[in-house]
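The next block holds one structure in the form of structure tokens; read it before the comments.
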Amino acid sequence: MHRTLPVLLLALVPALASAQATDAARALAQDAVIVDTHIDAPGMLMDGWKDLGEEAEGREFDYPKAHAGGLDVAFMSIYTSPRQDDEGNAWQAANEMIDAVEALAQRHPDKFALLRSPGDVDTLRKDDRVLLPLGMENGAPLVDDLANVQFFFDRGVRYITLAHSAPNRIADSSYAVERKWHGLSPFGRKVVAEMNRLGIMVDVSHISDESAAEAIKLSTVPVIASHSAFRHFTPDFERNISDELAKAIADKGGVVQVPFGTAFVNPESAADTQAHFRAINDFNKRNAELKAAGEPLQDRAAFEKDWEESHPARQTPIEAVLDQIDYGVKLIGIDHIGIGSDFDGVDGELPDGLRTTADFPNLVAGLQARGYKDEDIAKILGGNLLRTWAAIEAGAAH
């Protein structure tokens, strides 16, 4: 079984990774249903529209890249920040991103289609279309109105990540030092029940261990971690999922979707990420104190620039992602592992060989080289997530 490559070989990794895409790997990538549960294209569209139906320079997801890599189902991340929550515009921002995804599908009906049910995958993906379901990253757009769960379900949202990088009205964040709820809030418990009723997947990525444990326990149907690596490799990084929580997800019939970003799969990068969020927390506290004292505030852009200069991106081989998958399969079984890349959401900090949606054949080749059977690879690529989604949908029907 392969392990992370020695440091002396890192310079060779790009060539090795690109060579992994064998004909057999490309064929399986095109034949299997590949489901990626986390792509941050909608937020990028808000920063500046690029036609993702064509080759989009600098983007990790667009139609040509997705088609080349065999991607069939690309969950569009409707991400809102704690700052937008605090400023009261998360609901509006979420709707604007959904509008953008709808516009993309309407402009290219031959390339994209909106997806609202796993039962429609086979029909809609014909003629090489890439299907676009929606996942809400951070429950902030729900505000404190339970009716908004139905509202966003009607708009196509099929999973909700309960919180992101700060506590909200629903749950605590894994990144935050302070814990507001030590589990779910009273409103959060109602949100989970309403998601179960409607058939929206409960996503425990990003939230604290206490919040995740309560959400898993309360849910009457399987739950998912839409983009969470395993904490086994990053012991002090709560953002990655613990063995105990991963087993609880599997025991309930759910899936852990492994991300590609180096912040999750590279231990040094994970430590940098955790330190960054703590530094932001200290920065915000300091600015609050300065504001209260009537003194000039520190510049956030300057803070980020200094941080990036002192914490450069770390080169990471594709083996780091393959190791995550290996560990997950041994821990919770082949039926409970999938992929949630975080493409377009990690500032390009990705492993060599997994830089864009065109690179899924490299992942397939790596799994084949490690002895996985093609039918098991197909489960990891998307079969497991579709099975879980169908079970959640069926649970809502009953």
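Following the order of the structure tokens, chains are lettered A, B, ..., residues in each are numbered from 1, and ligands are numbered from 1.
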
Write out as number ranges by chain which residues come within 9 Å of Thr234 of chain A when counting only C-alpha atoms, dropping same-chain ones fewer than 5 positions away.
A: 240, 264-268, 270-271

Each residue of segment 218-333 of chain A with at least one atom at most 12 Å from segment 136-148 of chain A should appear once, together with its nearest atom pair and the corresponding distance in Å (one decimal); atoms considered: only C-alpha atoms; ordering: chain, then increasing residue number; output as a Markdown table.
| residue | atom | partner | partner_atom | distance |
| --- | --- | --- | --- | --- |
| A:Ala225 | CA | A:Glu137 | CA | 11.4 |
| A:Ser226 | CA | A:Glu137 | CA | 9.4 |
| A:His227 | CA | A:Glu137 | CA | 10.4 |

Trp389 of chain A: which residues within 12 Å, counting only C-alpha atoms, same-chain residues fewer than 2 positions away excluded, as a ChimeraX atom specification?
/A:35,37,116-121,133,158-159,196,199-203,221-224,226,253-255,382-387,391-396

Could you turn the residues from that selection into a file that holds N, CA and C atoms, as a compact mmCIF listing (two decimals), in the first residue's frame?
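Done, and the output landed in again-v2.txt:
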# COMPACT_ATOMS: atom_id res chain seq x y z
N VAL A 35 -19.91 12.00 -8.44
CA VAL A 35 -20.63 13.02 -7.69
C VAL A 35 -19.63 13.75 -6.79
N THR A 37 -19.55 16.57 -3.99
CA THR A 37 -20.53 17.26 -3.15
C THR A 37 -20.13 18.67 -2.74
N ARG A 116 -32.59 17.95 -8.67
CA ARG A 116 -33.27 18.04 -7.38
C ARG A 116 -33.53 16.69 -6.74
N SER A 117 -33.29 15.61 -7.47
CA SER A 117 -33.54 14.28 -6.92
C SER A 117 -32.54 13.28 -7.49
N PRO A 118 -32.02 12.36 -6.67
CA PRO A 118 -31.09 11.36 -7.21
C PRO A 118 -31.75 10.46 -8.25
N GLY A 119 -33.08 10.36 -8.18
CA GLY A 119 -33.77 9.53 -9.16
C GLY A 119 -33.76 10.08 -10.56
N ASP A 120 -33.36 11.34 -10.73
CA ASP A 120 -33.33 11.97 -12.05
C ASP A 120 -31.96 11.94 -12.71
N VAL A 121 -30.96 11.39 -12.01
CA VAL A 121 -29.59 11.46 -12.53
C VAL A 121 -29.45 10.79 -13.89
N PRO A 133 -26.97 20.12 -8.62
CA PRO A 133 -27.77 20.29 -7.41
C PRO A 133 -27.13 21.36 -6.53
N ARG A 158 -30.37 20.90 -1.46
CA ARG A 158 -30.55 19.51 -1.06
C ARG A 158 -29.60 19.07 0.06
N TYR A 159 -28.70 19.92 0.49
CA TYR A 159 -28.07 19.71 1.79
C TYR A 159 -27.77 21.07 2.40
N ASN A 196 -35.19 16.75 7.83
CA ASN A 196 -35.60 15.35 7.70
C ASN A 196 -36.96 15.24 7.04
N GLY A 199 -36.50 16.13 3.26
CA GLY A 199 -35.55 15.37 2.46
C GLY A 199 -34.30 16.13 2.12
N ILE A 200 -33.93 17.11 2.96
CA ILE A 200 -32.67 17.84 2.80
C ILE A 200 -31.61 17.13 3.63
N MET A 201 -30.46 16.83 3.04
CA MET A 201 -29.39 16.16 3.75
C MET A 201 -28.81 17.05 4.84
N VAL A 202 -28.68 16.52 6.05
CA VAL A 202 -28.02 17.21 7.15
C VAL A 202 -26.51 17.02 6.99
N ASP A 203 -25.79 18.14 6.88
CA ASP A 203 -24.34 18.10 6.64
C ASP A 203 -23.61 18.57 7.89
N VAL A 221 -32.85 10.07 9.63
CA VAL A 221 -32.35 9.50 8.38
C VAL A 221 -30.84 9.68 8.35
N PRO A 222 -30.13 9.08 7.39
CA PRO A 222 -28.67 9.24 7.32
C PRO A 222 -28.26 10.70 7.21
N VAL A 223 -27.05 10.98 7.65
CA VAL A 223 -26.47 12.32 7.51
C VAL A 223 -25.17 12.20 6.71
N ILE A 224 -24.66 13.34 6.27
CA ILE A 224 -23.42 13.35 5.49
C ILE A 224 -22.42 14.34 6.10
N SER A 226 -20.13 16.63 3.98
CA SER A 226 -20.00 16.93 2.55
C SER A 226 -18.57 17.14 2.08
N GLY A 253 -25.95 4.99 8.15
CA GLY A 253 -26.12 4.81 6.72
C GLY A 253 -25.62 5.96 5.87
N GLY A 254 -24.88 6.90 6.49
CA GLY A 254 -24.42 8.08 5.77
C GLY A 254 -23.05 7.92 5.14
N VAL A 255 -22.50 9.05 4.66
CA VAL A 255 -21.22 9.04 3.96
C VAL A 255 -20.34 10.20 4.43
N GLY A 382 -19.35 8.11 -6.51
CA GLY A 382 -20.68 8.71 -6.47
C GLY A 382 -21.79 7.79 -6.04
N GLY A 383 -21.60 6.49 -6.19
CA GLY A 383 -22.66 5.56 -5.86
C GLY A 383 -23.11 5.64 -4.41
N ASN A 384 -22.14 5.81 -3.50
CA ASN A 384 -22.49 5.88 -2.08
C ASN A 384 -23.32 7.11 -1.75
N LEU A 385 -22.94 8.24 -2.32
CA LEU A 385 -23.68 9.47 -2.05
C LEU A 385 -25.10 9.38 -2.61
N LEU A 386 -25.24 8.86 -3.82
CA LEU A 386 -26.57 8.75 -4.41
C LEU A 386 -27.46 7.81 -3.62
N ARG A 387 -26.89 6.71 -3.10
CA ARG A 387 -27.66 5.80 -2.26
C ARG A 387 -28.13 6.50 -0.99
N ALA A 391 -31.98 7.45 0.23
CA ALA A 391 -32.54 7.01 1.51
C ALA A 391 -33.12 8.18 2.28
N ILE A 392 -32.45 9.32 2.21
CA ILE A 392 -32.95 10.52 2.90
C ILE A 392 -34.24 11.01 2.24
N GLU A 393 -34.28 10.96 0.92
CA GLU A 393 -35.48 11.34 0.19
C GLU A 393 -36.64 10.39 0.54
N ALA A 394 -36.33 9.11 0.62
CA ALA A 394 -37.37 8.13 0.95
C ALA A 394 -37.86 8.33 2.38
N GLY A 395 -36.96 8.69 3.29
CA GLY A 395 -37.33 8.95 4.67
C GLY A 395 -38.31 10.12 4.76
N ALA A 396 -38.09 11.12 3.92
CA ALA A 396 -39.01 12.27 3.90
C ALA A 396 -40.38 11.86 3.41

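Restricting the calculation to only C-alpha atoms, the smallest distance between Leu134 of chain A and any of A:Glu244, A:Glu102, A:Asp51, A:Asp122 is found for A:Glu102.
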
List the spatial neighbours of Arg278 of chain A as a count of residues only - criterion: any atom at most 12 Å away, only C-alpha atoms, same-chain residues fewer than 2 positions off excluded.
20

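Within segment 60-106 of chain A, DSSP run on the backbone puts these residues in strand (DSSP E or B): Leu71, Asp72, Val73, Ala74, Phe75, Met76, Ser77, Ile78 and Tyr79 of chain A.
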
Restricting it to N, CA and C atoms, dump the selection as a compact mmCIF listing (two decimals), in the first residue's frame.
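Writing done, so here's result07.txt:
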# COMPACT_ATOMS: atom_id res chain seq x y z
N LEU A 71 -16.99 14.15 -14.64
CA LEU A 71 -17.87 14.59 -13.55
C LEU A 71 -19.31 14.68 -14.04
N ASP A 72 -20.22 14.07 -13.30
CA ASP A 72 -21.63 14.04 -13.67
C ASP A 72 -22.49 14.93 -12.80
N VAL A 73 -22.25 14.92 -11.50
CA VAL A 73 -23.08 15.64 -10.53
C VAL A 73 -22.18 16.54 -9.71
N ALA A 74 -22.36 17.85 -9.85
CA ALA A 74 -21.50 18.83 -9.19
C ALA A 74 -22.35 19.68 -8.25
N PHE A 75 -22.31 19.38 -6.97
CA PHE A 75 -23.06 20.18 -6.00
C PHE A 75 -22.47 21.59 -5.94
N MET A 76 -23.29 22.57 -6.27
CA MET A 76 -22.89 23.96 -6.23
C MET A 76 -23.04 24.49 -4.80
N SER A 77 -21.95 24.98 -4.23
CA SER A 77 -21.95 25.43 -2.85
C SER A 77 -22.51 26.85 -2.73
N ILE A 78 -23.62 26.96 -2.01
CA ILE A 78 -24.22 28.27 -1.74
C ILE A 78 -23.68 28.72 -0.39
N TYR A 79 -22.49 29.33 -0.44
CA TYR A 79 -21.76 29.68 0.78
C TYR A 79 -22.03 31.12 1.20

Identify, with DSSP run on backbone atoms, the residues in segment 126-263 of chain A assigned to helix (DSSP H, G or I), and express the list as a VMD selection string.
chain A and resid 126 to 128 140 to 142 147 to 154 186 to 198 209 to 218 231 to 233 243 to 251 262 to 263
